[in-house]
$ cat entry-v3.cif   # mmCIF, C-alpha atoms
data_final
loop_
_atom_site.label_atom_id
_atom_site.label_comp_id
_atom_site.auth_asym_id
_atom_site.auth_seq_id
_atom_site.Cartn_x
_atom_site.Cartn_y
_atom_site.Cartn_z
CA MET A 1 -9.03 -18.12 8.30
CA VAL A 2 -7.28 -21.36 9.18
CA LEU A 3 -4.01 -21.99 7.37
CA ASP A 4 -3.08 -25.65 7.77
CA ARG A 5 0.59 -26.30 7.03
CA SER A 6 1.05 -29.23 9.41
CA HIS A 7 0.13 -32.88 9.31
CA ALA A 8 -2.43 -34.29 11.70
CA GLN A 9 -0.04 -36.77 13.32
CA ALA A 10 3.62 -37.76 13.36
CA PRO A 11 4.75 -40.23 10.70
CA VAL A 12 4.54 -43.89 11.65
CA THR A 13 7.90 -45.06 13.02
CA ALA A 14 9.76 -48.02 11.59
CA SER A 15 9.11 -50.06 14.72
CA ALA A 16 5.39 -49.28 14.63
CA ALA A 17 5.18 -50.14 10.95
CA GLY A 18 7.12 -53.38 11.37
CA ASN A 19 8.90 -54.51 8.25
CA ALA A 20 6.28 -53.17 5.86
CA PRO A 21 7.44 -50.78 3.12
CA ARG A 22 6.85 -47.16 4.01
CA ALA A 23 4.38 -45.11 2.04
CA ARG A 24 5.01 -41.58 0.83
CA PRO A 25 5.56 -39.14 3.73
CA GLU A 26 2.18 -37.54 3.06
CA VAL A 27 0.46 -40.90 3.47
CA GLU A 28 2.48 -41.92 6.52
CA ALA A 29 1.29 -38.71 8.20
CA LEU A 30 -2.31 -39.01 7.03
CA VAL A 31 -5.29 -39.54 9.29
CA ALA A 32 -7.76 -41.27 6.98
CA TYR A 33 -11.34 -40.07 6.74
CA SER A 34 -13.54 -42.55 8.55
CA ALA A 35 -17.20 -42.78 9.46
CA PRO A 36 -19.13 -45.25 11.62
CA LEU A 37 -20.64 -47.24 8.75
CA GLU A 38 -21.14 -50.58 10.48
CA GLY A 39 -24.23 -51.79 12.34
CA ARG A 40 -26.64 -49.35 10.71
CA ARG A 41 -29.11 -51.83 9.24
CA ASN A 42 -32.61 -52.04 10.70
CA LEU A 43 -32.27 -48.59 12.31
CA LEU A 44 -33.74 -45.23 11.30
CA ARG A 45 -30.75 -43.79 9.45
CA LEU A 46 -30.67 -40.03 10.03
CA ASP A 47 -26.88 -39.82 10.27
CA PHE A 48 -25.45 -39.70 6.71
CA ASN A 49 -28.04 -37.75 4.70
CA GLU A 50 -28.98 -40.81 2.64
CA ASN A 51 -32.28 -41.46 0.96
CA THR A 52 -34.25 -43.08 3.81
CA VAL A 53 -36.74 -45.14 1.79
CA GLY A 54 -34.69 -46.82 -0.94
CA PRO A 55 -34.61 -46.49 -4.73
CA SER A 56 -37.36 -46.57 -7.29
CA PRO A 57 -38.99 -49.99 -7.87
CA ARG A 58 -37.72 -49.65 -11.44
CA VAL A 59 -34.15 -49.75 -10.10
CA VAL A 60 -34.83 -52.94 -8.16
CA GLU A 61 -36.47 -54.56 -11.19
CA ALA A 62 -33.59 -53.57 -13.46
CA ILE A 63 -30.97 -55.05 -11.15
CA ARG A 64 -32.92 -58.28 -10.71
CA ALA A 65 -33.20 -58.58 -14.49
CA ILE A 66 -29.43 -58.62 -15.06
CA PRO A 67 -28.63 -62.04 -16.61
CA ALA A 68 -26.26 -64.16 -14.52
CA ASP A 69 -23.77 -64.50 -17.37
CA HIS A 70 -23.37 -60.69 -17.42
CA TYR A 71 -21.69 -60.89 -14.00
CA ALA A 72 -18.62 -62.23 -15.82
CA ILE A 73 -18.45 -59.35 -18.29
CA TYR A 74 -16.65 -56.07 -17.65
CA PRO A 75 -19.04 -53.10 -17.35
CA GLU A 76 -20.19 -51.24 -20.45
CA TYR A 77 -21.00 -47.54 -20.24
CA ASP A 78 -22.66 -46.91 -23.60
CA GLY A 79 -25.65 -44.63 -23.17
CA LEU A 80 -25.11 -43.70 -19.52
CA ARG A 81 -23.44 -40.37 -20.21
CA GLU A 82 -26.20 -39.60 -22.71
CA ALA A 83 -28.80 -40.41 -20.04
CA VAL A 84 -27.12 -38.04 -17.59
CA VAL A 85 -27.09 -35.30 -20.23
CA ALA A 86 -30.80 -35.83 -20.90
CA SER A 87 -31.58 -35.63 -17.18
CA LEU A 88 -29.74 -32.29 -16.93
CA GLY A 89 -31.34 -30.70 -19.97
CA SER A 90 -29.22 -31.20 -23.05
CA THR A 91 -28.51 -27.53 -23.84
CA GLY A 92 -24.76 -27.10 -24.16
CA LEU A 93 -23.96 -30.54 -22.79
CA SER A 94 -22.65 -33.63 -24.54
CA PRO A 95 -21.43 -37.04 -23.31
CA GLY A 96 -17.92 -35.59 -23.23
CA HIS A 97 -19.01 -33.24 -20.43
CA ILE A 98 -19.80 -36.18 -18.13
CA GLY A 99 -17.29 -38.13 -16.07
CA LEU A 100 -18.42 -41.39 -14.45
CA PHE A 101 -17.03 -42.33 -11.04
CA ASN A 102 -17.42 -44.90 -8.29
CA GLY A 103 -19.26 -42.36 -6.17
CA VAL A 104 -18.38 -38.71 -5.72
CA ASP A 105 -15.72 -39.67 -3.17
CA ASP A 106 -13.90 -41.39 -6.04
CA ALA A 107 -14.34 -38.28 -8.20
CA LEU A 108 -12.85 -36.12 -5.44
CA HIS A 109 -9.89 -38.43 -5.07
CA ALA A 110 -9.31 -38.35 -8.84
CA ILE A 111 -9.53 -34.54 -8.99
CA PHE A 112 -6.83 -34.14 -6.35
CA HIS A 113 -4.73 -36.90 -7.89
CA ALA A 114 -4.89 -35.26 -11.32
CA PHE A 115 -4.42 -31.62 -10.36
CA ALA A 116 -2.79 -31.26 -6.93
CA ALA A 117 0.87 -31.50 -6.01
CA GLN A 118 3.13 -30.95 -3.02
CA GLY A 119 2.87 -27.37 -1.80
CA ASP A 120 -0.24 -26.47 -3.85
CA ARG A 121 -3.01 -24.67 -2.01
CA LEU A 122 -6.58 -25.89 -1.45
CA LEU A 123 -9.00 -23.07 -0.68
CA THR A 124 -12.26 -24.09 0.98
CA THR A 125 -14.60 -23.29 3.86
CA SER A 126 -14.95 -24.52 7.43
CA PRO A 127 -16.71 -26.60 8.56
CA THR A 128 -17.42 -28.63 5.45
CA PHE A 129 -17.37 -32.23 4.19
CA GLY A 130 -14.58 -34.04 5.99
CA TYR A 131 -13.20 -35.98 3.02
CA TYR A 132 -11.79 -32.87 1.35
CA THR A 133 -8.99 -32.63 3.93
CA PRO A 134 -7.43 -36.12 3.52
CA CYS A 135 -7.67 -35.80 -0.27
CA ALA A 136 -5.60 -32.61 -0.06
CA ARG A 137 -3.17 -33.91 2.54
CA MET A 138 -2.38 -37.10 0.63
CA GLN A 139 -1.09 -34.84 -2.15
CA GLY A 140 0.90 -32.67 0.28
CA MET A 141 -1.27 -29.60 -0.23
CA THR A 142 -1.61 -26.60 2.05
CA ILE A 143 -5.21 -26.20 3.23
CA GLU A 144 -6.69 -22.73 3.66
CA ALA A 145 -10.11 -23.17 5.27
CA ILE A 146 -12.08 -19.97 5.75
CA PRO A 147 -14.79 -20.14 8.45
CA TYR A 148 -18.45 -19.50 7.75
CA ARG A 149 -19.73 -16.35 9.40
CA SER A 150 -21.44 -16.60 12.75
CA PRO A 151 -24.13 -16.69 13.93
CA ASP A 152 -26.04 -17.94 10.87
CA PHE A 153 -23.13 -19.60 8.98
CA ALA A 154 -23.22 -17.22 6.03
CA PHE A 155 -20.80 -17.92 3.19
CA PRO A 156 -17.55 -15.89 3.57
CA PHE A 157 -17.67 -14.59 0.03
CA SER A 158 -15.43 -11.53 0.41
CA GLU A 159 -12.80 -13.56 2.26
CA ILE A 160 -12.81 -16.27 -0.41
CA ARG A 161 -12.65 -13.66 -3.14
CA ALA A 162 -9.65 -12.00 -1.49
CA ALA A 163 -7.90 -15.35 -1.02
CA LEU A 164 -8.27 -16.04 -4.73
CA ASP A 165 -6.32 -12.87 -5.51
CA THR A 166 -3.17 -14.05 -3.71
CA ASP A 167 -0.07 -15.16 -5.59
CA PRO A 168 0.50 -17.96 -6.39
CA PRO A 169 -3.17 -18.69 -7.01
CA ALA A 170 -4.97 -21.47 -5.17
CA ARG A 171 -4.72 -24.68 -7.15
CA ILE A 172 -8.24 -25.80 -6.18
CA LEU A 173 -11.25 -23.97 -4.74
CA LEU A 174 -13.80 -26.40 -3.34
CA VAL A 175 -17.31 -25.16 -2.56
CA CYS A 176 -19.96 -27.49 -1.14
CA ASN A 177 -23.31 -25.94 -2.10
CA PRO A 178 -25.48 -26.36 -0.09
CA ASN A 179 -22.74 -26.97 2.44
CA ASN A 180 -22.58 -30.12 4.48
CA PRO A 181 -23.06 -29.79 7.47
CA THR A 182 -24.19 -26.15 7.86
CA GLY A 183 -26.64 -26.09 4.95
CA THR A 184 -25.17 -22.77 3.81
CA ARG A 185 -26.32 -21.80 0.33
CA LEU A 186 -24.44 -19.65 -2.17
CA ALA A 187 -26.25 -18.25 -5.20
CA PRO A 188 -24.99 -19.85 -8.43
CA GLU A 189 -24.19 -16.42 -9.85
CA ARG A 190 -21.70 -15.83 -7.04
CA ILE A 191 -19.98 -19.16 -7.71
CA LEU A 192 -19.60 -18.24 -11.37
CA GLU A 193 -18.21 -14.88 -10.25
CA LEU A 194 -15.53 -16.69 -8.25
CA ALA A 195 -14.69 -18.98 -11.17
CA ALA A 196 -14.40 -16.05 -13.57
CA ALA A 197 -12.14 -14.19 -11.14
CA ALA A 198 -9.68 -17.10 -10.85
CA PRO A 199 -9.08 -18.68 -14.28
CA ALA A 200 -5.90 -20.41 -13.03
CA THR A 201 -7.77 -22.11 -10.18
CA LEU A 202 -9.79 -25.29 -10.58
CA VAL A 203 -13.18 -24.47 -9.07
CA VAL A 204 -15.00 -27.59 -7.88
CA VAL A 205 -18.65 -27.26 -6.85
CA ASP A 206 -20.01 -30.14 -4.78
CA GLU A 207 -23.72 -30.18 -5.63
CA LEU A 208 -24.76 -33.41 -3.94
CA TYR A 209 -27.62 -31.67 -2.13
CA GLU A 210 -28.72 -29.19 -4.78
CA ALA A 211 -32.00 -31.03 -5.46
CA PHE A 212 -33.25 -29.90 -2.06
CA SER A 213 -32.57 -26.21 -2.73
CA GLY A 214 -32.23 -25.69 -6.49
CA ASP A 215 -28.92 -23.84 -6.27
CA SER A 216 -27.14 -25.51 -9.20
CA VAL A 217 -24.83 -23.58 -11.50
CA LEU A 218 -25.79 -25.74 -14.50
CA PRO A 219 -29.03 -23.90 -15.42
CA GLN A 220 -27.11 -20.62 -15.23
CA LEU A 221 -24.49 -21.93 -17.65
CA GLN A 222 -27.14 -23.23 -20.02
CA GLN A 223 -29.06 -19.96 -19.91
CA ARG A 224 -25.91 -18.01 -20.73
CA LEU A 225 -25.27 -20.32 -23.68
CA GLN A 226 -28.78 -19.76 -25.04
CA GLN A 227 -28.14 -16.02 -24.86
CA SER A 228 -24.94 -16.52 -26.91
CA PRO A 229 -26.05 -18.76 -29.80
CA SER A 230 -22.71 -18.42 -31.57
CA THR A 231 -21.07 -20.62 -28.89
CA PRO A 232 -20.72 -24.23 -30.11
CA VAL A 233 -23.17 -26.58 -28.40
CA THR A 234 -22.36 -30.15 -29.39
CA SER A 235 -18.61 -29.73 -29.60
CA GLY A 236 -15.97 -27.91 -27.65
CA ASP A 237 -16.76 -26.63 -24.17
CA GLY A 238 -20.46 -25.93 -24.85
CA ALA A 239 -22.14 -24.66 -21.69
CA PHE A 240 -18.71 -24.43 -20.02
CA ALA A 241 -17.17 -22.29 -22.79
CA ALA A 242 -16.71 -19.31 -20.46
CA PHE A 243 -15.75 -21.49 -17.48
CA PRO A 244 -13.21 -24.14 -18.56
CA ASN A 245 -11.92 -24.18 -14.96
CA LEU A 246 -15.28 -25.22 -13.42
CA LEU A 247 -16.20 -28.76 -12.40
CA VAL A 248 -19.61 -29.73 -10.94
CA MET A 249 -20.14 -32.91 -8.92
CA ARG A 250 -23.44 -34.77 -8.73
CA SER A 251 -24.60 -38.07 -7.26
CA LEU A 252 -27.56 -40.45 -7.18
CA ALA A 253 -27.01 -41.27 -3.49
CA LYS A 254 -29.01 -38.58 -1.71
CA THR A 255 -32.13 -38.46 -3.87
CA ALA A 256 -32.33 -41.65 -5.94
CA GLY A 257 -31.29 -44.00 -3.13
CA LEU A 258 -28.17 -45.49 -4.76
CA ALA A 259 -25.64 -44.78 -1.99
CA GLY A 260 -24.79 -48.47 -1.63
CA LEU A 261 -24.06 -48.88 -5.33
CA ARG A 262 -21.64 -45.92 -5.62
CA ILE A 263 -22.26 -43.83 -8.71
CA GLY A 264 -21.23 -40.22 -9.12
CA PHE A 265 -20.66 -37.71 -11.90
CA ALA A 266 -18.23 -34.88 -12.60
CA ILE A 267 -19.56 -32.37 -15.11
CA GLY A 268 -17.39 -29.83 -16.87
CA ALA A 269 -15.56 -28.90 -20.04
CA PRO A 270 -14.63 -32.12 -21.90
CA ALA A 271 -10.90 -31.44 -21.68
CA LEU A 272 -11.15 -31.03 -17.91
CA VAL A 273 -13.28 -34.15 -17.43
CA GLU A 274 -10.93 -36.16 -19.63
CA ARG A 275 -7.90 -35.21 -17.53
CA VAL A 276 -9.62 -36.21 -14.30
CA SER A 277 -10.64 -39.51 -15.90
CA ARG A 278 -7.04 -40.27 -16.87
CA VAL A 279 -6.15 -41.19 -13.28
CA CYS A 280 -9.05 -43.65 -12.91
CA GLY A 281 -9.27 -47.31 -13.82
CA PRO A 282 -11.14 -48.32 -16.98
CA TYR A 283 -13.85 -50.24 -15.08
CA ASP A 284 -14.18 -48.41 -11.75
CA VAL A 285 -17.98 -48.16 -11.99
CA ASN A 286 -19.52 -51.62 -11.75
CA SER A 287 -22.28 -53.07 -13.91
CA PHE A 288 -24.90 -53.04 -11.15
CA ALA A 289 -24.33 -49.31 -10.59
CA VAL A 290 -24.60 -48.65 -14.33
CA THR A 291 -27.88 -50.56 -14.59
CA ALA A 292 -29.26 -48.86 -11.48
CA ALA A 293 -28.25 -45.41 -12.73
CA HIS A 294 -30.04 -45.94 -16.06
CA ALA A 295 -33.22 -46.98 -14.24
CA ALA A 296 -33.03 -44.16 -11.70
CA LEU A 297 -32.46 -41.49 -14.34
CA ALA A 298 -35.46 -42.83 -16.27
CA ASP A 299 -37.73 -42.39 -13.23
CA GLN A 300 -37.34 -38.72 -12.38
CA ALA A 301 -40.90 -38.67 -11.04
CA TYR A 302 -39.84 -40.96 -8.20
CA VAL A 303 -36.93 -38.67 -7.28
CA ASP A 304 -39.11 -35.57 -7.48
CA ALA A 305 -41.72 -37.15 -5.21
CA TYR A 306 -39.09 -38.14 -2.65
CA VAL A 307 -37.55 -34.65 -2.62
CA ALA A 308 -40.99 -33.08 -2.18
CA GLU A 309 -41.73 -35.39 0.75
CA VAL A 310 -38.40 -34.55 2.41
CA LEU A 311 -39.17 -30.84 2.13
CA ARG A 312 -42.62 -31.37 3.66
CA ALA A 313 -41.09 -33.39 6.50
CA ARG A 314 -38.47 -30.70 7.02
CA ASP A 315 -41.14 -28.03 7.42
CA TRP A 316 -43.07 -30.29 9.82
CA LEU A 317 -40.02 -30.84 12.03
CA LEU A 318 -38.97 -27.18 11.98
CA GLU A 319 -42.41 -26.19 13.21
CA ARG A 320 -42.01 -28.52 16.21
CA LEU A 321 -38.48 -27.37 16.95
CA ARG A 322 -39.53 -23.73 16.97
CA ALA A 323 -42.56 -24.39 19.16
CA ALA A 324 -40.43 -26.31 21.68
CA GLY A 325 -37.69 -23.67 21.75
CA VAL A 326 -35.00 -26.09 20.53
CA ARG A 327 -31.94 -24.29 19.18
CA HIS A 328 -31.50 -25.37 15.57
CA HIS A 329 -30.21 -24.27 12.18
CA ALA A 330 -31.67 -25.26 8.82
CA ALA A 331 -30.78 -23.65 5.51
CA GLY A 332 -30.30 -26.11 2.65
CA GLY A 333 -29.95 -29.81 2.01
CA ASN A 334 -31.85 -32.75 3.48
CA TYR A 335 -30.48 -32.20 6.99
CA LEU A 336 -30.41 -29.69 9.83
CA LEU A 337 -28.41 -28.96 12.96
CA LEU A 338 -29.80 -28.90 16.48
CA TRP A 339 -28.18 -28.31 19.83
CA PRO A 340 -29.41 -30.59 22.66
CA GLN A 341 -29.84 -29.33 26.20
CA GLY A 342 -28.19 -32.48 27.55
CA PRO A 343 -24.68 -33.78 26.76
CA THR A 344 -24.48 -34.33 23.02
CA ALA A 345 -22.86 -37.75 23.23
CA GLU A 346 -25.47 -38.94 25.73
CA VAL A 347 -28.35 -37.70 23.58
CA GLU A 348 -26.84 -39.37 20.51
CA ALA A 349 -26.43 -42.64 22.41
CA ARG A 350 -29.95 -42.62 23.81
CA LEU A 351 -31.42 -41.96 20.38
CA LYS A 352 -29.47 -44.94 19.07
CA GLN A 353 -30.93 -47.05 21.88
CA ALA A 354 -34.33 -45.95 20.58
CA GLY A 355 -33.34 -47.17 17.10
CA ILE A 356 -32.46 -43.78 15.59
CA LEU A 357 -29.05 -42.76 14.26
CA VAL A 358 -27.97 -39.11 14.14
CA ARG A 359 -24.48 -37.63 13.64
CA SER A 360 -22.55 -35.78 16.33
CA MET A 361 -20.66 -32.67 15.18
CA ALA A 362 -18.26 -32.88 18.13
CA GLY A 363 -14.95 -31.20 17.40
CA LYS A 364 -16.11 -29.38 14.29
CA PRO A 365 -15.42 -25.64 14.30
CA LEU A 366 -18.41 -23.35 14.91
CA ILE A 367 -20.84 -26.25 15.46
CA ASP A 368 -19.22 -28.29 18.22
CA GLY A 369 -21.99 -29.65 20.45
CA ALA A 370 -24.55 -29.91 17.66
CA LEU A 371 -26.24 -32.97 16.18
CA ARG A 372 -26.80 -33.23 12.44
CA VAL A 373 -30.14 -34.83 11.69
CA SER A 374 -30.98 -36.06 8.20
CA ILE A 375 -34.53 -35.46 7.00
CA GLY A 376 -36.55 -38.41 5.77
CA THR A 377 -40.29 -38.82 5.35
CA THR A 378 -42.87 -37.21 7.62
CA PRO A 379 -43.61 -40.49 9.48
CA GLN A 380 -39.89 -40.95 10.03
CA MET A 381 -39.52 -37.45 11.42
CA GLU A 382 -42.53 -38.04 13.67
CA CYS A 383 -40.67 -41.07 15.02
CA PHE A 384 -37.52 -39.00 15.55
CA TRP A 385 -39.40 -36.17 17.25
CA GLN A 386 -41.18 -38.50 19.64
CA ALA A 387 -37.85 -40.06 20.67
CA TYR A 388 -36.03 -36.73 20.89
CA ARG A 389 -38.73 -35.21 23.06
CA ALA A 390 -38.48 -38.16 25.44
CA VAL A 391 -34.68 -38.01 25.62
CA GLU A 392 -34.63 -34.25 26.21
CA GLN A 393 -37.77 -34.31 28.38
CA LEU A 394 -39.48 -31.68 26.28
CA SER A 395 -43.11 -30.88 26.95
#
$ encode --input "entry-v3.cif" --output "structure tokens"
Amino acid sequence: MVLDRSHAQAPVTASAAGNAPRARPEVEALVAYSAPLEGRRNLLRLDFNENTVGPSPRVVEAIRAIPADHYAIYPEYDGLREAVVASLGSTGLSPGHIGLFNGVDDALHAIFHAFAAQGDRLLTTSPTFGYYTPCARMQGMTIEAIPYRSPDFAFPFSEIRAALDTDPPARILLVCNPNNPTGTRLAPERILELAAAAPATLVVVDELYEAFSGDSVLPQLQQRLQQSPSTPVTSGDGAFAAFPNLLVMRSLAKTAGLAGLRIGFAIGAPALVERVSRVCGPYDVNSFAVTAAHAALADQAYVDAYVAEVLRARDWLLERLRAAGVRHHAAGGNYLLLWPQGPTAEVEARLKQAGILVRSMAGKPLIDGALRVSIGTTPQMECFWQAYRAVEQLS
């Protein structure tokens, strides 16, 4: 267990800040989350777990059809929440269960802004998505990050369960499922067990990669509702009646190819979603993202076909890695970890010279020295494997 009560760096001094007004102490001490997002065009992007082929042609057509005069009009969201509900299976869900955000990063920021305060405790796992930490630190939270279990990065369920029993309770429990970057999967039933055990804790489940493993809690909630027909469906908490402290995050970035347009969803009891939405602007999601989301949600066949192709490509690459004796780890999500024989930074750089981007895990606990490789189509993984074999001089 890692208990983080310190800031990552000393506050900026007055001389270093010049004459600019000082931010809150938490912000002055904050190391912002950053990622190398520039110069990635025209390369094989296997570094950020994006869709590697682009969105459905219907999305492109819908965006091109937006009349020019609509650019001058503030976005309108009528029907989008209903479309999300329909895509999830409408049992126990209503538009009030859906929060719309400028990507899931924006939803995360809003969750912490709405619910976290100085001295509150974030309970999560390690390693996991890097943006959780700055979101917590900007609110002055204490971060309790419990490591995954070696050697196969199993979820530390008993440790998390014990940490939830401490007093005062954790303000937020954040579970990435499947976890980025380890791919660790936790059965939905166990997540609901954690939420039921900690009614005073906001339990946030990051399900950005669930399409590649099918580990979502939503079908479990809907099945429970069907087994209890007396629970109201179109009003009140619906599918979240027994879990008013649970919030599920989804995105159209990883499967539908809308990462550049920024559209994300928070799904939970209407009262919970409404409170998170209070700290957001009225027009944070732009009109292009709204139009693209409608088109993407209407073409589920495209998403399903892309997911199926990624899973085929994943199996193809795993077969080659095993045959070549390359140390690797793959569990869930559209990515895997591998450990090069040569220096990690050198291998990463040489792959980039070959036109392929991967992500170094340098400095991350338990997986330092690994590369995270996103999975695209089979031809794309053939391209990666050919380059990787050459760099590592594999037979």
$ closest_residue --input "entry-v3.cif" --among "A:Ala211, A:Ala242, A:Val326, A:Ala29" --to "Tyr306 (chain A)" --atoms "only C-alpha atoms"
A:Ala211
$ resolve_selection --input "entry-v3.cif" --expression "the PyMOL selection byres ((chain A and resi 247) around 7)" --output "list in words"
Val203, Val204, Val205, Asn245, Leu246, Val248, Met249, Ala266, Ile267 and Gly268 of chain A
$ resolve_selection --input "entry-v3.cif" --expression "the PyMOL selection byres ((chain A and resi 350-364) around 6)" --output "PyMOL selection string"
chain A and resi 43-47+347-349+365+367-373
$ residues_around --input "entry-v3.cif" --residues "Asn286 (chain A)" --least-positions-apart "3" --cutoff "10 Å" --atoms "only C-alpha atoms" --output "VMD selection string"
chain A and resid 71 74 to 77 101 to 102 261 to 263 283 289 to 291
$ resolve_selection --input "entry-v3.cif" --expression "the PyMOL selection byres ((chain A and resi 35) around 12)" --output "mmCIF file with C-alpha atoms, keeping the file's coordinate frame"
data_model
loop_
_atom_site.group_PDB
_atom_site.id
_atom_site.type_symbol
_atom_site.label_atom_id
_atom_site.label_comp_id
_atom_site.auth_asym_id
_atom_site.auth_seq_id
_atom_site.Cartn_x
_atom_site.Cartn_y
_atom_site.Cartn_z
ATOM 1 C CA ALA A 32 -7.760 -41.270 6.980
ATOM 2 C CA TYR A 33 -11.340 -40.070 6.740
ATOM 3 C CA SER A 34 -13.540 -42.550 8.550
ATOM 4 C CA PRO A 36 -19.130 -45.250 11.620
ATOM 5 C CA LEU A 37 -20.640 -47.240 8.750
ATOM 6 C CA GLU A 38 -21.140 -50.580 10.480
ATOM 7 C CA GLY A 39 -24.230 -51.790 12.340
ATOM 8 C CA ARG A 40 -26.640 -49.350 10.710
ATOM 9 C CA ASP A 47 -26.880 -39.820 10.270
ATOM 10 C CA PHE A 48 -25.450 -39.700 6.710
ATOM 11 C CA PHE A 129 -17.370 -32.230 4.190
ATOM 12 C CA GLY A 130 -14.580 -34.040 5.990
ATOM 13 C CA TYR A 131 -13.200 -35.980 3.020
ATOM 14 C CA ARG A 359 -24.480 -37.630 13.640
ATOM 15 C CA SER A 360 -22.550 -35.780 16.330
#
$ atom_distance --input "entry-v3.cif" --atom1 "CA of Gln380 (chain A)" --atom2 "CA of Leu258 (chain A)"
19.4 Å
$ atom_distance --input "entry-v3.cif" --atom1 "CA of Asp106 (chain A)" --atom2 "CA of Met138 (chain A)"
14.0 Å
$ atom_distance --input "entry-v3.cif" --atom1 "CA of Leu318 (chain A)" --atom2 "CA of Ala253 (chain A)"
24.1 Å
$ residues_around --input "entry-v3.cif" --residues "Gln139 (chain A)" --least-positions-apart "6" --cutoff "8 Å" --atoms "all atoms listed in the file" --output "VMD selection string"
chain A and resid 26 112 to 113 116 to 118
$ closest_residue --input "entry-v3.cif" --among "A:Ser251, A:Thr378, A:Ser158, A:Asn19" --to "Asp206 (chain A)" --atoms "all atoms listed in the file"
A:Ser251
$ residues_near_point --input "entry-v3.cif" --point "(-34.1, -23.3, 9.3)" --cutoff "10 Å" --atoms "all atoms listed in the file" --output "list of chain:residue names"
A:Asp152, A:Gly183, A:Arg314, A:Asp315, A:Leu317, A:Leu318, A:Glu319, A:Leu321, A:Arg322, A:His328, A:His329, A:Ala330, A:Ala331, A:Gly332, A:Tyr335, A:Leu336, A:Leu337
